[in-house]
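File shown here: work.pdb, holding PDB, C-alpha atoms, pLDDT in the B column.
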```pdb
ATOM      1  CA  MET A  11      24.492  18.559  -1.870  1.00 51.00           C
ATOM      2  CA  HIS A  12      27.383  16.998  -3.786  1.00 50.00           C
ATOM      3  CA  PRO A  13      28.140  13.455  -2.527  1.00 52.00           C
ATOM      4  CA  GLY A  14      31.822  14.304  -2.159  1.00 53.00           C
ATOM      5  CA  GLU A  15      31.087  17.075   0.333  1.00 60.00           C
ATOM      6  CA  PHE A  16      29.490  14.868   2.972  1.00 82.00           C
ATOM      7  CA  VAL A  17      30.815  11.345   2.580  1.00 91.00           C
ATOM      8  CA  PRO A  18      30.212   9.014   5.562  1.00 93.00           C
ATOM      9  CA  LYS A  19      33.372   8.371   7.548  1.00 93.00           C
ATOM     10  CA  VAL A  20      34.212   6.195  10.532  1.00 94.00           C
ATOM     11  CA  ARG A  21      33.994   8.054  13.889  1.00 93.00           C
ATOM     12  CA  MET A  22      31.469  10.605  12.612  1.00 93.00           C
ATOM     13  CA  THR A  23      29.060  11.408  15.464  1.00 93.00           C
ATOM     14  CA  PHE A  24      25.412  12.493  15.568  1.00 94.00           C
ATOM     15  CA  ASN A  25      23.105  13.640  18.339  1.00 93.00           C
ATOM     16  CA  THR A  26      20.356  11.157  17.426  1.00 93.00           C
ATOM     17  CA  LEU A  27      19.827   7.995  15.402  1.00 93.00           C
ATOM     18  CA  GLU A  28      17.422   9.944  13.182  1.00 93.00           C
ATOM     19  CA  ASP A  29      20.160  12.482  12.394  1.00 94.00           C
ATOM     20  CA  ALA A  30      22.553   9.710  11.373  1.00 94.00           C
ATOM     21  CA  ALA A  31      19.944   8.004   9.193  1.00 93.00           C
ATOM     22  CA  LYS A  32      19.022  11.297   7.516  1.00 92.00           C
ATOM     23  CA  PHE A  33      22.686  12.076   6.867  1.00 94.00           C
ATOM     24  CA  TYR A  34      23.183   8.741   5.077  1.00 94.00           C
ATOM     25  CA  LYS A  35      19.904   9.117   3.179  1.00 92.00           C
ATOM     26  CA  ASP A  36      20.898  12.595   1.945  1.00 92.00           C
ATOM     27  CA  TYR A  37      24.298  11.270   0.911  1.00 93.00           C
ATOM     28  CA  ALA A  38      22.664   8.314  -0.886  1.00 93.00           C
ATOM     29  CA  LYS A  39      20.313  10.582  -2.843  1.00 90.00           C
ATOM     30  CA  ALA A  40      23.208  12.773  -3.960  1.00 91.00           C
ATOM     31  CA  ALA A  41      25.235   9.682  -4.916  1.00 91.00           C
ATOM     32  CA  GLY A  42      22.343   8.088  -6.821  1.00 91.00           C
ATOM     33  CA  PHE A  43      21.172   5.154  -4.705  1.00 93.00           C
ATOM     34  CA  SER A  44      18.535   4.448  -2.061  1.00 91.00           C
ATOM     35  CA  THR A  45      18.875   2.976   1.417  1.00 92.00           C
ATOM     36  CA  ARG A  46      17.052   0.728   3.853  1.00 90.00           C
ATOM     37  CA  VAL A  47      17.459  -0.345   7.458  1.00 91.00           C
ATOM     38  CA  TRP A  48      18.846  -3.880   7.303  1.00 91.00           C
ATOM     39  CA  SER A  49      18.960  -4.667  11.010  1.00 91.00           C
ATOM     40  CA  THR A  50      18.343  -3.037  14.374  1.00 91.00           C
ATOM     41  CA  ASN A  51      19.493  -4.359  17.739  1.00 91.00           C
ATOM     42  CA  LYS A  52      17.727  -3.441  20.954  1.00 88.00           C
ATOM     43  CA  LYS A  53      18.439  -3.931  24.619  1.00 87.00           C
ATOM     44  CA  GLU A  54      15.719  -3.359  27.200  1.00 85.00           C
ATOM     45  CA  ASN A  55      13.542  -1.954  24.397  1.00 86.00           C
ATOM     46  CA  GLU A  56      16.111   0.696  23.470  1.00 88.00           C
ATOM     47  CA  ILE A  57      17.972   0.733  20.158  1.00 91.00           C
ATOM     48  CA  LYS A  58      21.696   0.194  20.618  1.00 91.00           C
ATOM     49  CA  ASN A  59      22.921  -0.137  17.033  1.00 93.00           C
ATOM     50  CA  GLN A  60      21.650  -0.164  13.478  1.00 95.00           C
ATOM     51  CA  LEU A  61      22.865  -1.298  10.072  1.00 95.00           C
ATOM     52  CA  ILE A  62      21.748   0.817   7.099  1.00 94.00           C
ATOM     53  CA  THR A  63      22.546  -0.554   3.661  1.00 93.00           C
ATOM     54  CA  CYS A  64      22.074   0.154  -0.003  1.00 92.00           C
ATOM     55  CA  SER A  65      18.589  -1.012  -1.032  1.00 88.00           C
ATOM     56  CA  LYS A  66      20.190  -3.460  -3.469  1.00 87.00           C
ATOM     57  CA  GLU A  67      21.820  -5.410  -0.646  1.00 80.00           C
ATOM     58  CA  GLY A  68      21.014  -9.114  -0.368  1.00 70.00           C
ATOM     59  CA  LYS A  69      20.365 -12.061  -2.636  1.00 58.00           C
ATOM     60  CA  TRP A  70      17.261 -13.966  -3.635  1.00 51.00           C
ATOM     61  CA  LYS A  71      16.642 -16.779  -6.073  1.00 51.00           C
ATOM     62  CA  SER A  72      14.028 -16.155  -8.718  1.00 50.00           C
ATOM     63  CA  LYS A  73      11.821 -18.942 -10.017  1.00 50.00           C
ATOM     64  CA  ILE A  74      11.851 -17.185 -13.404  1.00 51.00           C
ATOM     65  CA  SER A  75      14.741 -18.069 -15.671  1.00 52.00           C
ATOM     66  CA  SER A  76      17.131 -15.245 -16.512  1.00 49.00           C
ATOM     67  CA  THR A  77      16.204 -15.451 -20.200  1.00 50.00           C
ATOM     68  CA  GLU A  78      12.523 -14.816 -19.406  1.00 49.00           C
ATOM     69  CA  LYS A  79      13.037 -11.831 -17.086  1.00 47.00           C
ATOM     70  CA  THR A  80      11.874  -8.451 -18.364  1.00 46.00           C
ATOM     71  CA  ASN A  81      13.403  -6.526 -15.455  1.00 48.00           C
ATOM     72  CA  PRO A  82      16.738  -7.042 -13.702  1.00 49.00           C
ATOM     73  CA  SER A  83      16.859  -8.356 -10.153  1.00 48.00           C
ATOM     74  CA  ALA A  84      16.224  -5.696  -7.526  1.00 55.00           C
ATOM     75  CA  SER A  85      18.838  -7.145  -5.158  1.00 58.00           C
ATOM     76  CA  LEU A  86      22.437  -7.292  -6.395  1.00 71.00           C
ATOM     77  CA  ASN A  87      24.194  -8.248  -3.145  1.00 83.00           C
ATOM     78  CA  CYS A  88      25.576  -4.707  -2.844  1.00 89.00           C
ATOM     79  CA  LEU A  89      27.757  -4.286   0.256  1.00 91.00           C
ATOM     80  CA  ALA A  90      27.557  -0.475   0.543  1.00 93.00           C
ATOM     81  CA  ARG A  91      26.518   0.367   4.108  1.00 94.00           C
ATOM     82  CA  ILE A  92      27.103   2.165   7.369  1.00 95.00           C
ATOM     83  CA  TYR A  93      26.995   0.700  10.868  1.00 96.00           C
ATOM     84  CA  ILE A  94      26.096   3.045  13.704  1.00 95.00           C
ATOM     85  CA  HIS A  95      25.854   2.537  17.442  1.00 94.00           C
ATOM     86  CA  ILE A  96      25.294   4.624  20.528  1.00 93.00           C
ATOM     87  CA  LEU A  97      28.241   5.474  22.758  1.00 91.00           C
ATOM     88  CA  LYS A  98      27.645   4.449  26.348  1.00 82.00           C
ATOM     89  CA  ASN A  99      27.599   7.200  28.965  1.00 82.00           C
ATOM     90  CA  VAL A 100      27.809   9.813  26.202  1.00 85.00           C
ATOM     91  CA  GLY A 101      24.464   9.531  24.450  1.00 87.00           C
ATOM     92  CA  VAL A 102      25.725  10.265  20.945  1.00 93.00           C
ATOM     93  CA  TRP A 103      25.639   8.002  17.878  1.00 94.00           C
ATOM     94  CA  ILE A 104      28.829   7.133  16.047  1.00 94.00           C
ATOM     95  CA  ILE A 105      29.585   5.524  12.690  1.00 95.00           C
ATOM     96  CA  SER A 106      31.846   2.545  13.351  1.00 94.00           C
ATOM     97  CA  LYS A 107      31.899   0.961   9.887  1.00 94.00           C
ATOM     98  CA  VAL A 108      31.547   2.343   6.356  1.00 95.00           C
ATOM     99  CA  VAL A 109      31.519   0.623   2.965  1.00 94.00           C
ATOM    100  CA  LEU A 110      31.238   3.066   0.049  1.00 93.00           C
ATOM    101  CA  HIS A 111      31.756   0.746  -2.927  1.00 93.00           C
ATOM    102  CA  HIS A 112      28.655  -0.512  -4.791  1.00 91.00           C
ATOM    103  CA  SER A 113      28.289  -3.662  -6.873  1.00 89.00           C
ATOM    104  CA  HIS A 114      26.213  -1.700  -9.385  1.00 89.00           C
ATOM    105  CA  SER A 115      26.265   1.665 -11.088  1.00 89.00           C
ATOM    106  CA  CYS A 116      24.635   4.646  -9.364  1.00 89.00           C
ATOM    107  CA  CYS A 117      22.786   7.389 -11.233  1.00 85.00           C
ATOM    108  CA  PRO A 118      22.657  10.699  -9.318  1.00 86.00           C
ATOM    109  CA  ASN A 119      20.636  12.342 -12.097  1.00 83.00           C
ATOM    110  CA  GLN A 120      17.885   9.722 -11.726  1.00 80.00           C
ATOM    111  CA  ALA A 121      17.899   9.428  -7.934  1.00 80.00           C
ATOM    112  CA  GLU A 122      14.635  11.334  -7.527  1.00 79.00           C
ATOM    113  CA  MET A 123      12.810   8.551  -9.376  1.00 79.00           C
ATOM    114  CA  LEU A 124      13.930   5.880  -6.920  1.00 84.00           C
ATOM    115  CA  LYS A 125      11.035   4.719  -4.756  1.00 82.00           C
ATOM    116  CA  GLN A 126      12.535   6.109  -1.532  1.00 82.00           C
ATOM    117  CA  TYR A 127      12.632   9.666  -2.884  1.00 84.00           C
ATOM    118  CA  ARG A 128       9.433   9.836  -4.930  1.00 87.00           C
ATOM    119  CA  GLU A 129       6.673  11.881  -3.324  1.00 85.00           C
ATOM    120  CA  LEU A 130       3.313  13.495  -4.049  1.00 89.00           C
ATOM    121  CA  SER A 131       2.796  17.131  -3.087  1.00 88.00           C
ATOM    122  CA  MET A 132      -0.354  18.285  -1.294  1.00 87.00           C
ATOM    123  CA  SER A 133      -1.682  19.920  -4.460  1.00 88.00           C
ATOM    124  CA  VAL A 134      -1.103  16.722  -6.446  1.00 91.00           C
ATOM    125  CA  CYS A 135      -2.904  14.693  -3.772  1.00 89.00           C
ATOM    126  CA  ARG A 136      -5.890  17.051  -3.844  1.00 88.00           C
ATOM    127  CA  THR A 137      -6.093  16.774  -7.634  1.00 92.00           C
ATOM    128  CA  ILE A 138      -5.969  12.969  -7.423  1.00 91.00           C
ATOM    129  CA  GLU A 139      -8.773  12.960  -4.840  1.00 87.00           C
ATOM    130  CA  ASN A 140     -10.950  15.327  -6.896  1.00 88.00           C
ATOM    131  CA  ASN A 141     -10.417  13.346 -10.085  1.00 89.00           C
ATOM    132  CA  GLU A 142     -11.156  10.052  -8.350  1.00 86.00           C
ATOM    133  CA  GLU A 143     -14.405  11.476  -6.989  1.00 81.00           C
ATOM    134  CA  ALA A 144     -15.296  12.684 -10.497  1.00 85.00           C
ATOM    135  CA  GLY A 145     -14.690   9.204 -11.910  1.00 85.00           C
ATOM    136  CA  ILE A 146     -11.552  10.064 -13.880  1.00 90.00           C
ATOM    137  CA  ARG A 147      -9.263   7.074 -14.351  1.00 91.00           C
ATOM    138  CA  PRO A 148      -5.824   7.103 -12.664  1.00 90.00           C
ATOM    139  CA  GLY A 149      -4.061   6.849 -16.007  1.00 91.00           C
ATOM    140  CA  LYS A 150      -5.824   9.968 -17.275  1.00 93.00           C
ATOM    141  CA  THR A 151      -5.020  11.794 -14.050  1.00 93.00           C
ATOM    142  CA  TYR A 152      -1.329  10.929 -14.361  1.00 93.00           C
ATOM    143  CA  GLN A 153      -1.222  12.020 -18.005  1.00 93.00           C
ATOM    144  CA  SER A 154      -2.688  15.386 -16.995  1.00 93.00           C
ATOM    145  CA  PHE A 155       0.250  15.843 -14.590  1.00 93.00           C
ATOM    146  CA  VAL A 156       2.681  14.881 -17.367  1.00 92.00           C
ATOM    147  CA  ALA A 157       1.128  17.399 -19.760  1.00 91.00           C
ATOM    148  CA  ALA A 158       1.135  20.186 -17.170  1.00 91.00           C
ATOM    149  CA  ALA A 159       4.774  19.535 -16.227  1.00 88.00           C
ATOM    150  CA  GLY A 160       5.979  19.255 -19.814  1.00 90.00           C
ATOM    151  CA  GLY A 161       7.009  15.604 -19.769  1.00 87.00           C
ATOM    152  CA  HIS A 162       7.577  12.538 -17.593  1.00 82.00           C
ATOM    153  CA  HIS A 163      11.080  13.634 -16.644  1.00 82.00           C
ATOM    154  CA  GLU A 164       9.746  16.806 -15.035  1.00 84.00           C
ATOM    155  CA  LEU A 165       7.782  14.821 -12.434  1.00 87.00           C
ATOM    156  CA  ASN A 166       9.250  13.218  -9.300  1.00 85.00           C
ATOM    157  CA  PHE A 167       6.610  10.463  -9.222  1.00 90.00           C
ATOM    158  CA  ILE A 168       5.228   7.828 -11.572  1.00 90.00           C
ATOM    159  CA  GLU A 169       1.759   6.542 -12.453  1.00 91.00           C
ATOM    160  CA  LYS A 170       2.094   3.711  -9.922  1.00 90.00           C
ATOM    161  CA  ASP A 171       2.400   6.305  -7.143  1.00 91.00           C
ATOM    162  CA  VAL A 172      -0.926   7.826  -8.213  1.00 92.00           C
ATOM    163  CA  ARG A 173      -2.617   4.420  -8.167  1.00 90.00           C
ATOM    164  CA  ASN A 174      -1.076   3.536  -4.797  1.00 87.00           C
ATOM    165  CA  TYR A 175      -2.295   6.807  -3.304  1.00 88.00           C
ATOM    166  CA  ILE A 176      -5.844   6.109  -4.479  1.00 85.00           C
ATOM    167  CA  THR A 177      -5.759   2.619  -2.986  1.00 80.00           C
ATOM    168  CA  ARG A 178      -4.058   3.662   0.250  1.00 76.00           C
ATOM    169  CA  GLU A 179      -5.729   7.001   1.018  1.00 73.00           C
ATOM    170  CA  VAL A 180      -8.779   7.733  -1.146  1.00 68.00           C
ATOM    171  CA  LYS A 181     -10.384   4.299  -0.858  1.00 65.00           C
ATOM    172  CA  ASN A 182      -9.212   3.660   2.691  1.00 60.00           C
ATOM    173  CA  VAL A 183     -12.621   4.095   4.319  1.00 58.00           C
ATOM    174  CA  SER A 184     -12.751   2.625   7.812  1.00 57.00           C
ATOM    175  CA  GLU A 185     -14.694  -0.568   8.437  1.00 59.00           C
ATOM    176  CA  LEU A 186     -16.915   1.295  10.891  1.00 63.00           C
ATOM    177  CA  ASP A 187     -17.839   3.890   8.270  1.00 74.00           C
ATOM    178  CA  ASP A 188     -18.474   1.094   5.773  1.00 75.00           C
ATOM    179  CA  ALA A 189     -20.897  -0.593   8.182  1.00 80.00           C
ATOM    180  CA  LYS A 190     -22.815   2.659   8.680  1.00 82.00           C
ATOM    181  CA  GLU A 191     -22.977   3.396   4.955  1.00 81.00           C
ATOM    182  CA  PHE A 192     -24.080  -0.151   4.161  1.00 84.00           C
ATOM    183  CA  GLY A 193     -26.900   0.115   6.708  1.00 87.00           C
ATOM    184  CA  LYS A 194     -27.996   3.434   5.187  1.00 88.00           C
ATOM    185  CA  TYR A 195     -27.953   1.851   1.725  1.00 87.00           C
ATOM    186  CA  LEU A 196     -30.235  -0.999   2.834  1.00 90.00           C
ATOM    187  CA  LEU A 197     -32.652   1.488   4.391  1.00 91.00           C
ATOM    188  CA  ARG A 198     -32.729   3.534   1.181  1.00 88.00           C
ATOM    189  CA  MET A 199     -33.522   0.409  -0.838  1.00 88.00           C
ATOM    190  CA  LYS A 200     -36.320  -0.476   1.589  1.00 89.00           C
ATOM    191  CA  LYS A 201     -37.731   3.040   1.297  1.00 89.00           C
ATOM    192  CA  LYS A 202     -37.772   2.782  -2.507  1.00 86.00           C
ATOM    193  CA  ASN A 203     -39.551  -0.567  -2.477  1.00 88.00           C
ATOM    194  CA  GLN A 204     -41.240  -1.970   0.616  1.00 90.00           C
ATOM    195  CA  ILE A 205     -40.916  -5.520  -0.771  1.00 90.00           C
ATOM    196  CA  PHE A 206     -37.143  -5.229  -0.417  1.00 91.00           C
ATOM    197  CA  PHE A 207     -36.128  -7.353   2.566  1.00 93.00           C
ATOM    198  CA  PHE A 208     -33.001  -7.194   4.670  1.00 91.00           C
ATOM    199  CA  GLU A 209     -31.580  -8.149   8.034  1.00 91.00           C
ATOM    200  CA  LEU A 210     -28.417  -6.590   9.422  1.00 89.00           C
ATOM    201  CA  GLU A 211     -26.704  -7.700  12.611  1.00 88.00           C
ATOM    202  CA  LEU A 212     -23.809  -5.765  14.105  1.00 83.00           C
ATOM    203  CA  GLU A 213     -21.101  -6.695  16.585  1.00 80.00           C
ATOM    204  CA  ASP A 214     -20.728  -4.875  19.907  1.00 78.00           C
ATOM    205  CA  ASP A 215     -18.198  -2.544  18.228  1.00 74.00           C
ATOM    206  CA  GLN A 216     -20.770  -1.749  15.493  1.00 76.00           C
ATOM    207  CA  LEU A 217     -18.955  -3.693  12.783  1.00 78.00           C
ATOM    208  CA  ILE A 218     -20.958  -5.980  10.517  1.00 82.00           C
ATOM    209  CA  LYS A 219     -21.529  -9.471  11.922  1.00 83.00           C
ATOM    210  CA  LEU A 220     -23.916 -10.710   9.243  1.00 87.00           C
ATOM    211  CA  ALA A 221     -26.311  -9.337   6.654  1.00 89.00           C
ATOM    212  CA  PHE A 222     -28.970 -10.744   4.363  1.00 91.00           C
ATOM    213  CA  TRP A 223     -30.932  -8.987   1.655  1.00 91.00           C
ATOM    214  CA  ALA A 224     -33.249  -9.859  -1.240  1.00 91.00           C
ATOM    215  CA  ASP A 225     -34.782  -7.349  -3.611  1.00 90.00           C
ATOM    216  CA  ALA A 226     -38.313  -7.482  -5.024  1.00 88.00           C
ATOM    217  CA  ARG A 227     -37.275  -9.378  -8.139  1.00 89.00           C
ATOM    218  CA  SER A 228     -35.376 -12.035  -6.197  1.00 89.00           C
ATOM    219  CA  ARG A 229     -38.321 -12.549  -3.845  1.00 89.00           C
ATOM    220  CA  ALA A 230     -40.738 -12.936  -6.760  1.00 88.00           C
ATOM    221  CA  VAL A 231     -38.440 -15.361  -8.560  1.00 87.00           C
ATOM    222  CA  CYS A 232     -38.053 -17.400  -5.374  1.00 86.00           C
ATOM    223  CA  GLU A 233     -41.813 -18.076  -5.323  1.00 86.00           C
ATOM    224  CA  TYR A 234     -41.592 -19.719  -8.743  1.00 85.00           C
ATOM    225  CA  PHE A 235     -38.151 -21.304  -8.721  1.00 85.00           C
ATOM    226  CA  GLY A 236     -37.382 -21.814  -5.052  1.00 79.00           C
ATOM    227  CA  ASP A 237     -37.969 -25.583  -4.950  1.00 82.00           C
ATOM    228  CA  VAL A 238     -34.221 -26.236  -5.165  1.00 81.00           C
ATOM    229  CA  ILE A 239     -31.790 -23.658  -3.809  1.00 84.00           C
ATOM    230  CA  SER A 240     -28.016 -23.625  -4.096  1.00 83.00           C
ATOM    231  CA  PHE A 241     -26.147 -21.972  -1.245  1.00 80.00           C
ATOM    232  CA  ASP A 242     -22.881 -20.840  -2.858  1.00 70.00           C
ATOM    233  CA  THR A 243     -19.965 -20.061  -0.504  1.00 69.00           C
ATOM    234  CA  THR A 244     -17.353 -19.702  -3.239  1.00 65.00           C
ATOM    235  CA  TYR A 245     -16.878 -15.972  -2.821  1.00 64.00           C
ATOM    236  CA  ASN A 246     -15.262 -14.184   0.081  1.00 61.00           C
ATOM    237  CA  THR A 247     -13.599 -10.909   0.918  1.00 57.00           C
ATOM    238  CA  ASN A 248     -10.251 -10.728   2.672  1.00 52.00           C
ATOM    239  CA  ARG A 249     -10.682  -7.125   3.801  1.00 57.00           C
ATOM    240  CA  TYR A 250     -13.425  -7.875   6.344  1.00 61.00           C
ATOM    241  CA  ASN A 251     -12.921 -11.603   6.720  1.00 67.00           C
ATOM    242  CA  LEU A 252     -16.620 -12.139   5.913  1.00 73.00           C
ATOM    243  CA  VAL A 253     -17.821 -14.838   3.545  1.00 78.00           C
ATOM    244  CA  CYS A 254     -20.165 -13.610   0.814  1.00 81.00           C
ATOM    245  CA  ASN A 255     -22.828 -16.233   0.032  1.00 84.00           C
ATOM    246  CA  SER A 256     -25.405 -16.242  -2.731  1.00 86.00           C
ATOM    247  CA  PHE A 257     -28.729 -18.107  -2.829  1.00 88.00           C
ATOM    248  CA  VAL A 258     -29.226 -19.369  -6.376  1.00 88.00           C
ATOM    249  CA  GLY A 259     -32.141 -21.172  -8.055  1.00 88.00           C
ATOM    250  CA  VAL A 260     -32.756 -22.505 -11.572  1.00 88.00           C
ATOM    251  CA  ASN A 261     -35.527 -21.056 -13.745  1.00 87.00           C
ATOM    252  CA  HIS A 262     -37.615 -22.769 -16.449  1.00 85.00           C
ATOM    253  CA  HIS A 263     -34.876 -22.068 -19.014  1.00 86.00           C
ATOM    254  CA  SER A 264     -32.342 -24.013 -16.912  1.00 84.00           C
ATOM    255  CA  GLN A 265     -30.581 -20.752 -16.131  1.00 86.00           C
ATOM    256  CA  SER A 266     -29.223 -19.746 -12.757  1.00 86.00           C
ATOM    257  CA  THR A 267     -31.152 -16.956 -11.074  1.00 86.00           C
ATOM    258  CA  LEU A 268     -30.250 -15.006  -7.939  1.00 86.00           C
ATOM    259  CA  LEU A 269     -32.662 -15.406  -5.040  1.00 87.00           C
ATOM    260  CA  GLY A 270     -30.823 -13.456  -2.340  1.00 89.00           C
TER     261      GLY A 270
END
```

Any chance you could put this one into structure tokens?
Amino acid sequence: MHPGEFVPKVRMTFNTLEDAAKFYKDYAKAAGFSTRVWSTNKKENEIKNQLITCSKEGKWKSKISSTEKTNPSASLNCLARIYIHILKNVGVWIISKVVLHHSHSCCPNQAEMLKQYRELSMSVCRTIENNEEAGIRPGKTYQSFVAAAGGHHELNFIEKDVRNYITREVKNVSELDDAKEFGKYLLRMKKKNQIFFFELELEDDQLIKLAFWADARSRAVCEYFGDVISFDTTYNTNRYNLVCNSFVGVNHHSQSTLLG
């Protein structure tokens, strides 16, 4: 739609809050800016009013000097906004305040590349998943989309969206599945070599509580260089909140060697 056809006005009414938000979002896309919910007020767990602003609303102080910045500040204290509230005893939502002026230029022709409007189609997602499984790097995957579309400007997403999808969806295996797969991996290693040793303890919900393993080489090395052992707790993983510890010895060349 053309932004002039459906400009927000005071006393406009909508059946639902979602309808009002969608109306402003559609207007914003046509006008060349993106939106965000700035504040929501509730009473007895029900939304009574909401402030939706331009995404460049607000101020923040950067620790980087202006001469060193490579990108402009995302927030420009833009005052463009609408304020909507529900009418009592009527059940409809009404716009009670509108500010149309922006403190920055808007680019309708580039609106689709704003973060709020970028999206990956189902076919694109399937291709990303297949390529990730085949070991193709995200950058190569994105360039294949660029080549197929005939240029960057023909796509409504960027390489960062591809990488975010891989992190968020493709690699988002549940902790429970991880625990099961890890247990299967330890059993496979034991089957390959009976000297491989492991202990795995699970919580009541079948998540990993603790695990220890040492392969054949580490066990053999420990017999020779296990007089002094360093228990290193430097490493940890935030995802599972489990500390990863290594048992390290020193061989006859004064080199560190992993014991388990």

Quick one: of A:Glu213, A:Ile62, A:Cys254, A:His262, who's nearest to Asp237 in chain A, counting all atoms listed in the file?
A:His262

Once you count only C-alpha atoms, what closest atom pair and distance in Å to one decimal does each residue of range 109-137 of chain A within 7 Å of range 158-166 of chain A have, with rows by chain and rising residue number, as JSON lines?
```
{"residue": "A:Glu122", "atom": "CA", "partner": "A:Asn166", "partner_atom": "CA", "distance": 6.0}
{"residue": "A:Met123", "atom": "CA", "partner": "A:Asn166", "partner_atom": "CA", "distance": 5.9}
{"residue": "A:Arg128", "atom": "CA", "partner": "A:Asn166", "partner_atom": "CA", "distance": 5.5}
{"residue": "A:Glu129", "atom": "CA", "partner": "A:Asn166", "partner_atom": "CA", "distance": 6.6}
```

Name the residues in contact with range 39-46 of chain A at a cut-off of 10 Å, using all atoms listed in the file, excluding same-chain residues fewer than 4 positions from it; report them as a ChimeraX atom specification.
/A:11-17,31,34-35,61-67,90-91,112,114-127

Spatial neighbours of Phe257 in chain A, max dist 12 Å, all atoms listed in the file, sep filter under 2 positions, as a compact mmCIF listing (two decimals) with C-alpha atoms, keeping the file's coordinate frame:
```
# COMPACT_ATOMS: atom_id res chain seq x y z
CA PHE A 222 -28.97 -10.74 4.36
CA TRP A 223 -30.93 -8.99 1.66
CA ALA A 224 -33.25 -9.86 -1.24
CA SER A 228 -35.38 -12.04 -6.20
CA ARG A 229 -38.32 -12.55 -3.84
CA VAL A 231 -38.44 -15.36 -8.56
CA CYS A 232 -38.05 -17.40 -5.37
CA PHE A 235 -38.15 -21.30 -8.72
CA GLY A 236 -37.38 -21.81 -5.05
CA VAL A 238 -34.22 -26.24 -5.16
CA ILE A 239 -31.79 -23.66 -3.81
CA SER A 240 -28.02 -23.62 -4.10
CA PHE A 241 -26.15 -21.97 -1.25
CA ASP A 242 -22.88 -20.84 -2.86
CA THR A 243 -19.96 -20.06 -0.50
CA THR A 244 -17.35 -19.70 -3.24
CA CYS A 254 -20.16 -13.61 0.81
CA ASN A 255 -22.83 -16.23 0.03
CA GLY A 259 -32.14 -21.17 -8.06
CA VAL A 260 -32.76 -22.50 -11.57
CA SER A 266 -29.22 -19.75 -12.76
CA THR A 267 -31.15 -16.96 -11.07
CA LEU A 268 -30.25 -15.01 -7.94
CA LEU A 269 -32.66 -15.41 -5.04
CA GLY A 270 -30.82 -13.46 -2.34
```

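With only C-alpha atoms as the atoms that count, the residue of A:Lys58, A:Phe167, A:Gln216, A:Ala226 with the shortest distance to Asn203 in chain A is A:Ala226.
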
Once the PyMOL selection byres ((chain A and resi 170) around 12) has been applied to the shown file, what residues remain in the selection, as a PyMOL selection string?
chain A and resi 123+125+128-130+148-149+151-152+166-169+171-178

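You will find CA of Phe208 in chain A at 14.7 Å from CA of Lys190 in chain A.
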
Interatomic distance between CA of Met22 in chain A and CA of Ser106 in chain A?
8.1 Å

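Going from CA of Trp48 in chain A over to CA of Ser131 in chain A, you cover 28.4 Å.
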
On this structure, the PyMOL selection byres ((chain A and resi 218) around 12) would catch which residues? List them as a PyMOL selection string, sorted by chain and number.
chain A and resi 185-193+209-217+219-222+250-253

Within 9 Å of Thr23 in chain A using all atoms listed in the file, minus same-chain residues under 3 positions, as an NGL selection string:
:A and (20 or 26 or 30 or 102-105)

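Minimum atom-to-atom distance to Gly68 in chain A, evaluated using all atoms listed in the file, belongs to A:Leu89 out of A:Gln153, A:Asn25, A:Leu89, A:Leu110.
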
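This file, filtered with the PyMOL selection byres ((chain A and resi 54-57) around 12), gives the residues Thr26, Leu27, Glu28, Ser49, Thr50, Asn51, Lys52, Lys53, Lys58, Asn59, Gln60, Leu61, Ile94, His95, Ile96, Leu97, Gly101 and Trp103 of chain A.
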